[in-house]
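One structure is given below, encoded as structure tokens.
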Number of protein chains: 2
Amino acid sequence: MAGELHEVASARLARAEQRYTRSRRALVDLLAGAEAPLSLPQLLERGPHLAQSSAYRNLVVLERAGVVHRIVTADDFARYELAEDLTGHHHHLICTQCGEVRDFTVSSDVEADLGRALAEVAAVHGFTADHHRLDLVGRCDACR
Amino acid sequence: MAGELHEVASARLARAEQRYTRSRRALVDLLAGAEAPLSLPQLLERGPHLAQSSAYRNLVVLERAGVVHRIVTADDFARYELAEDLTGHHHHLICTQCGEVRDFTVSSDVEADLGRALAEVAAVHGFTADHHRLDLVGRCDACR
DNA sequence: GGATCAAGTGAAAGCGAGAATCACTCTTGG
DNA sequence: CCAAGAGTGATTCTCGCTTTCACTTGATCC
């Protein structure tokens, strides 16, 4: 499972003519082991050997290769998680107080209805949809 | 209609102990007249008399007063639009190429289903939802 | 193994959207 | 009219993130 993840990551980087180096692998491991999307400071905290500049650079590389997904919140820091096709389709609870992000899913019925509605919207607007983003914004349990 | 908008804006600022000054009114007018959310450079372009620092400051004031809503995209610039209760509930098409943002709505059926599903998710996670955010991310007609 | 050279690394410097400063100007109430 | 406070805007500062550049790593050929 974890091995497979690294194979996929390696293959996608290769496709983008990039190597799957130690520190890129470390980022993937950290994100795979996290229960929620992580900010860069959180990543450095959990991988103290990581250099800030390399981490930022490698997250860009991993994002372009389709391994990592970058989440922009209203918070100061962006959050990073593995690409959705590696973790399954899901959405985010975003706390406006502490900035924390947690995952959630909705039933496949709702998701299917939504997908149909969005496909129609895209068609009407001549928009080529890459993905949709459904976030619930508010206060988390701790910040209530 | 426009007069009513200014009355509401004025009342909300008053509630936050802020005045509805000329430049704040100008921002509201620009946003009300725009067909899509605007970035700060776009605002300054359309209101050349506006000072950058004051515009940023006033957008914060207007946002805190609940008159303006700030949209964070992957783009360099945040986008601003009138608060949803002034314009009606809607969602955004976000172009990853040019950064442009356009509005769209989905049927009230889908919206209702979604609302129910999200309310349940919030309850389960002990999350106090402020609002939800549904964006379609991809390439706009022009950037295809 | 050793030589070569492109790719990756990381400390440090740079960039830029947006926030903070502060002297000045308006508004409001006495 | 005259303080006292709120708002303004040119400028400066902040800080996430990016870029630079000298150095290291690791493929590839001999």
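Letters for chains follow the order of the structure tokens (A, B, ...), residue numbers begin at 1 for each chain, and ligand numbers begin at 1 in the order shown.
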Would you tabulate, counting only C-alpha atoms, all residues of chain A that have an atom at most 6 Å from an atom of chain B, showing the closest pair of atoms and their distance in Å to one decimal, sorted by chain then ascending number, as a Markdown table?
| residue | atom | partner | partner_atom | distance |
| --- | --- | --- | --- | --- |
| A:Gly126 | CA | B:Asp141 | CA | 5.1 |
| A:Phe127 | CA | B:Cys140 | CA | 4.7 |
| A:Thr128 | CA | B:Arg139 | CA | 5.1 |
| A:Ala129 | CA | B:Gly138 | CA | 4.4 |
| A:Asp130 | CA | B:Gly138 | CA | 4.4 |
| A:His131 | CA | B:Val137 | CA | 5.4 |
| A:His132 | CA | B:Leu136 | CA | 4.4 |
| A:Arg133 | CA | B:Asp135 | CA | 5.0 |
| A:Leu134 | CA | B:Leu134 | CA | 4.5 |
| A:Asp135 | CA | B:Arg133 | CA | 5.0 |
| A:Leu136 | CA | B:His132 | CA | 4.5 |
| A:Val137 | CA | B:His131 | CA | 5.4 |
| A:Gly138 | CA | B:Ala129 | CA | 4.4 |
| A:Arg139 | CA | B:Thr128 | CA | 5.1 |
| A:Cys140 | CA | B:Phe127 | CA | 4.7 |
| A:Asp141 | CA | B:Gly126 | CA | 5.1 |
Determine, counting only C-alpha atoms (C1' of nucleotides), which protein, DNA and RNA residues have an atom within 10 Å of an atom of Tyr80 (chain B); residues of the same chain fewer than 6 positions away are not included. Present the result as number ranges by chain.
B: 27, 31, 36-40, 43, 59, 63, 68-72
Residues of chain C within 10 Å of chain A, counting only C-alpha atoms (C1' of nucleotides) - could you list those as a VMD selection string?
chain C and resid 7 to 11
Atoms to include: N, CA and C atoms (P, O5', C5', C4', C3', O3' and C1' of nucleotides). Write the selected residues as a PDB file, in the first residue's frame.
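New file result-v7.pdb:
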ATOM      1  P    DA C   7      19.118  18.031 -16.269  1.00  0.00           P
ATOM      2  O5'  DA C   7      18.832  17.628 -14.755  1.00  0.00           O
ATOM      3  C5'  DA C   7      18.807  16.254 -14.389  1.00  0.00           C
ATOM      4  C4'  DA C   7      18.726  16.134 -12.875  1.00  0.00           C
ATOM      5  C3'  DA C   7      17.706  17.079 -12.242  1.00  0.00           C
ATOM      6  O3'  DA C   7      16.911  16.336 -11.320  1.00  0.00           O
ATOM      7  C1'  DA C   7      19.842  17.374 -11.221  1.00  0.00           C
ATOM      8  P    DG C   8      15.837  17.075 -10.400  1.00  0.00           P
ATOM      9  O5'  DG C   8      16.642  17.247  -9.036  1.00  0.00           O
ATOM     10  C5'  DG C   8      17.111  16.082  -8.361  1.00  0.00           C
ATOM     11  C4'  DG C   8      17.739  16.474  -7.039  1.00  0.00           C
ATOM     12  C3'  DG C   8      16.856  17.352  -6.146  1.00  0.00           C
ATOM     13  O3'  DG C   8      16.897  16.819  -4.823  1.00  0.00           O
ATOM     14  C1'  DG C   8      18.973  18.371  -6.455  1.00  0.00           C
ATOM     15  P    DT C   9      16.167  17.556  -3.621  1.00  0.00           P
ATOM     16  O5'  DT C   9      17.382  18.355  -2.990  1.00  0.00           O
ATOM     17  C5'  DT C   9      18.472  17.640  -2.437  1.00  0.00           C
ATOM     18  C4'  DT C   9      19.386  18.595  -1.696  1.00  0.00           C
ATOM     19  C3'  DT C   9      18.672  19.480  -0.668  1.00  0.00           C
ATOM     20  O3'  DT C   9      19.325  19.342   0.580  1.00  0.00           O
ATOM     21  C1'  DT C   9      20.054  20.786  -2.114  1.00  0.00           C
ATOM     22  P    DG C  10      18.487  19.693   1.918  1.00  0.00           P
ATOM     23  O5'  DG C  10      19.037  21.147   2.254  1.00  0.00           O
ATOM     24  C5'  DG C  10      20.406  21.317   2.570  1.00  0.00           C
ATOM     25  C4'  DG C  10      20.733  22.799   2.678  1.00  0.00           C
ATOM     26  C3'  DG C  10      19.720  23.619   3.481  1.00  0.00           C
ATOM     27  O3'  DG C  10      20.419  24.671   4.119  1.00  0.00           O
ATOM     28  C1'  DG C  10      19.874  24.515   1.345  1.00  0.00           C
ATOM     29  P    DA C  11      20.374  24.826   5.675  1.00  0.00           P
ATOM     30  O5'  DA C  11      21.153  26.211   5.848  1.00  0.00           O
ATOM     31  C5'  DA C  11      22.519  26.309   5.439  1.00  0.00           C
ATOM     32  C4'  DA C  11      22.801  27.690   4.868  1.00  0.00           C
ATOM     33  C3'  DA C  11      22.222  28.861   5.659  1.00  0.00           C
ATOM     34  O3'  DA C  11      23.222  29.872   5.722  1.00  0.00           O
ATOM     35  C1'  DA C  11      21.430  28.937   3.419  1.00  0.00           C
TER      36       DA C  11
END
Residues of chain D within 10 Å of chain A, counting only C-alpha atoms (C1' of nucleotides) - could you list those as number ranges by chain?
D: 15-19
Using only C-alpha atoms (C1' of nucleotides), determine which residues lie at most 12 Å from DA3 (chain C), disregarding the query and same-chain residues fewer than 5 positions distant; provide the list as a VMD selection string.
chain D and resid 28 to 30
What does the distance between CA of Leu13 (chain A) and CA of Gly88 (chain A) come to in Å, to one decimal place?
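Value for the CA of Leu13 (chain A)-CA of Gly88 (chain A) distance: 20.0 Å.
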DSSP says helix (DSSP H, G or I) for which residues of region 57-106 of chain A? Put them as a ChimeraX atom specification?
/A:57-64,84-87
Length of the C1' of DG29 (chain C) to C1' of DC2 (chain D) vector [Å]:
10.6 Å
Going by DSSP on the backbone, which residues of chain A come out as strand (DSSP E or B)? List them as an MDAnalysis selection string.
chainID A and resid 38:39 68:71 79:82 91:95 101:104 128:139
The selected residues should be written to file as a compact mmCIF listing (two decimals), in the first residue's frame (atoms: C-alpha atoms).
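Written out: part21.txt:
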# COMPACT_ATOMS: atom_id res chain seq x y z
CA LEU A 38 -0.43 20.13 6.62
CA SER A 39 1.05 23.60 6.37
CA VAL A 68 0.40 16.62 -4.08
CA HIS A 69 -2.50 19.03 -3.88
CA ARG A 70 -2.15 22.52 -2.50
CA ILE A 71 -5.05 24.02 -0.56
CA ARG A 79 -1.92 23.44 3.25
CA TYR A 80 -0.70 20.39 1.40
CA GLU A 81 -2.17 16.92 1.01
CA LEU A 82 -1.75 14.00 -1.35
CA HIS A 91 -13.83 17.87 1.07
CA HIS A 92 -12.61 20.18 3.80
CA LEU A 93 -13.78 21.69 7.03
CA ILE A 94 -11.86 24.94 7.37
CA CYS A 95 -11.65 26.67 10.73
CA VAL A 101 -8.29 21.84 7.98
CA ARG A 102 -10.06 18.50 8.34
CA ASP A 103 -11.39 16.11 5.76
CA PHE A 104 -14.95 14.98 5.25
CA THR A 128 -13.19 23.11 -18.75
CA ALA A 129 -13.51 21.83 -15.22
CA ASP A 130 -10.45 20.35 -13.60
CA HIS A 131 -12.05 19.54 -10.27
CA HIS A 132 -14.55 20.96 -7.85
CA ARG A 133 -13.97 22.19 -4.38
CA LEU A 134 -16.53 21.99 -1.62
CA ASP A 135 -15.51 23.46 1.70
CA LEU A 136 -17.37 24.07 4.90
CA VAL A 137 -16.09 27.24 6.51
CA GLY A 138 -16.63 28.02 10.18
CA ARG A 139 -15.29 27.17 13.62
Å distance separating C1' of DA19 (chain C) from C1' of DT11 (chain D), one decimal place
12.5 Å
